[in-house]
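Read the structure below first, then the notes.
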Amino acid sequence: MPKMKTHSGAKKRFRVTGSGKLMRERAGKRHLLEHKSSRRKRRLSRDQVVHSANLKQANRLLGR
């Protein structure tokens, strides 16, 4: 059976930490930033661990 190909969109959106967790960026930091508070923009900047409910699907897309 041939190797599974990594989903090109998924590899741009997720990164794997040293301990094996999947990280993602928060939505809402791309545009229309003028009216958002600095506190909100700072909070949106931080990476987030992928939720356990979505972990199986994300791992499948990444070929893990």
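Ordering of the structure tokens sets the chain letters (A, B, ...); residue numbers start at 1 within each chain; ligands are numbered from 1 in the order shown.
Within chain A, residues classed as strand (DSSP E or B) by DSSP on backbone coordinates are Phe14, Arg15, Val16, Leu22, Met23, Arg24, Gln48 and Val49 of chain A.
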Can you write out the residues you just picked, keeping N, CA, C and O atoms, as a PDB file, in the first residue's frame?
ATOM      1  N   PHE A  14      -1.046  23.462  11.411  1.00  0.00           N
ATOM      2  CA  PHE A  14      -0.708  22.815  12.673  1.00  0.00           C
ATOM      3  C   PHE A  14       0.793  22.646  12.806  1.00  0.00           C
ATOM      4  O   PHE A  14       1.501  22.521  11.812  1.00  0.00           O
ATOM      5  N   ARG A  15       1.270  22.629  14.060  1.00  0.00           N
ATOM      6  CA  ARG A  15       2.661  22.270  14.308  1.00  0.00           C
ATOM      7  C   ARG A  15       2.699  21.326  15.503  1.00  0.00           C
ATOM      8  O   ARG A  15       1.830  21.390  16.382  1.00  0.00           O
ATOM      9  N   VAL A  16       3.686  20.472  15.518  1.00  0.00           N
ATOM     10  CA  VAL A  16       3.814  19.467  16.565  1.00  0.00           C
ATOM     11  C   VAL A  16       4.882  19.925  17.551  1.00  0.00           C
ATOM     12  O   VAL A  16       5.978  20.314  17.145  1.00  0.00           O
ATOM     13  N   LEU A  22      -0.398  18.863  19.415  1.00  0.00           N
ATOM     14  CA  LEU A  22      -0.652  19.630  18.205  1.00  0.00           C
ATOM     15  C   LEU A  22      -1.052  21.046  18.595  1.00  0.00           C
ATOM     16  O   LEU A  22      -1.915  21.234  19.450  1.00  0.00           O
ATOM     17  N   MET A  23      -0.426  22.024  17.959  1.00  0.00           N
ATOM     18  CA  MET A  23      -0.733  23.424  18.239  1.00  0.00           C
ATOM     19  C   MET A  23      -1.379  24.053  17.006  1.00  0.00           C
ATOM     20  O   MET A  23      -1.100  23.666  15.881  1.00  0.00           O
ATOM     21  N   ARG A  24      -2.237  25.040  17.255  1.00  0.00           N
ATOM     22  CA  ARG A  24      -2.890  25.772  16.177  1.00  0.00           C
ATOM     23  C   ARG A  24      -2.914  27.242  16.534  1.00  0.00           C
ATOM     24  O   ARG A  24      -2.743  27.607  17.696  1.00  0.00           O
ATOM     25  N   GLN A  48      -2.647  27.816  20.496  1.00  0.00           N
ATOM     26  CA  GLN A  48      -3.569  27.044  21.312  1.00  0.00           C
ATOM     27  C   GLN A  48      -3.353  25.569  21.028  1.00  0.00           C
ATOM     28  O   GLN A  48      -3.082  25.184  19.887  1.00  0.00           O
ATOM     29  N   VAL A  49      -3.502  24.727  22.048  1.00  0.00           N
ATOM     30  CA  VAL A  49      -3.421  23.278  21.852  1.00  0.00           C
ATOM     31  C   VAL A  49      -4.711  22.828  21.177  1.00  0.00           C
ATOM     32  O   VAL A  49      -5.793  23.303  21.513  1.00  0.00           O
TER      33      VAL A  49
END
Give me, as a PyMOL selection string, the residues of chain A that a backbone DSSP run labels helix (DSSP H, G or I). chain A and resi 8-13+38-45+52-62
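Pairwise distance (atom CA of Lys21 of chain A, atom CA of Lys3 of chain A) equals 22.8 Å.
Taking atom CA of His7 of chain A and atom CA of Lys56 of chain A as the two end points, the separation is 14.0 Å.
Residue neighbourhood of Thr6 of chain A, excluding near-sequence residues (fewer than 6 positions): A:Lys12, A:Phe14, A:Ala58, A:Asn59, A:Arg60, A:Leu61, A:Leu62, A:Gly63, A:Arg64, at 12 Å, using only C-alpha atoms.
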Just the selected residues (N, CA and C atoms), exported as a compact mmCIF listing (two decimals), in the first residue's frame, please.
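The file below, out18.txt, is the result:
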# COMPACT_ATOMS: atom_id res chain seq x y z
N LYS A 12 0.14 23.46 6.94
CA LYS A 12 0.37 24.90 7.11
C LYS A 12 -0.29 25.42 8.38
N PHE A 14 -1.05 23.46 11.41
CA PHE A 14 -0.71 22.81 12.67
C PHE A 14 0.79 22.65 12.81
N ALA A 58 -7.33 15.85 12.96
CA ALA A 58 -6.13 16.61 12.63
C ALA A 58 -4.95 15.69 12.41
N ASN A 59 -4.79 14.68 13.25
CA ASN A 59 -3.70 13.72 13.10
C ASN A 59 -3.82 12.94 11.80
N ARG A 60 -5.05 12.60 11.41
CA ARG A 60 -5.26 11.87 10.17
C ARG A 60 -4.86 12.73 8.97
N LEU A 61 -5.19 14.02 9.02
CA LEU A 61 -4.82 14.92 7.92
C LEU A 61 -3.31 15.06 7.81
N LEU A 62 -2.62 15.01 8.95
CA LEU A 62 -1.18 15.16 8.96
C LEU A 62 -0.45 13.85 8.69
N GLY A 63 -1.20 12.76 8.60
CA GLY A 63 -0.60 11.47 8.32
C GLY A 63 0.14 10.91 9.52
N ARG A 64 -0.34 11.22 10.71
CA ARG A 64 0.29 10.72 11.95
C ARG A 64 -0.48 9.55 12.50
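Interatomic distance, atom CA of Arg42 of chain A to atom CA of Glu25 of chain A: 12.2 Å.
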Hey, what's within 12 Å of Lys41 of chain A if we count only C-alpha atoms and toss same-chain stuff fewer than 6 positions away? As a compact mmCIF listing (two decimals) with N, CA and C atoms, in the first residue's frame, please?
# COMPACT_ATOMS: atom_id res chain seq x y z
N ARG A 26 -4.99 30.90 16.72
CA ARG A 26 -6.37 31.32 16.94
C ARG A 26 -6.87 32.11 15.73
N ALA A 27 -8.17 32.02 15.49
CA ALA A 27 -8.79 32.76 14.39
C ALA A 27 -9.05 34.20 14.83
N GLY A 28 -9.08 35.11 13.86
CA GLY A 28 -9.50 36.49 14.14
C GLY A 28 -8.37 37.48 14.26
N LYS A 29 -7.17 37.15 13.82
CA LYS A 29 -6.04 38.07 13.95
C LYS A 29 -5.52 38.53 12.59
N ARG A 30 -6.27 38.28 11.51
CA ARG A 30 -5.78 38.58 10.16
C ARG A 30 -6.11 40.00 9.71
N HIS A 31 -7.33 40.46 9.99
CA HIS A 31 -7.73 41.78 9.48
C HIS A 31 -8.77 42.39 10.42
N LEU A 32 -9.17 43.63 10.14
CA LEU A 32 -10.12 44.37 10.97
C LEU A 32 -9.63 44.47 12.42
N LEU A 33 -8.34 44.79 12.56
CA LEU A 33 -7.74 44.79 13.89
C LEU A 33 -7.89 46.14 14.59
N GLU A 34 -8.29 47.17 13.85
CA GLU A 34 -8.32 48.51 14.40
C GLU A 34 -9.28 48.64 15.58
N HIS A 35 -10.44 48.01 15.48
CA HIS A 35 -11.43 48.16 16.54
C HIS A 35 -11.29 47.13 17.66
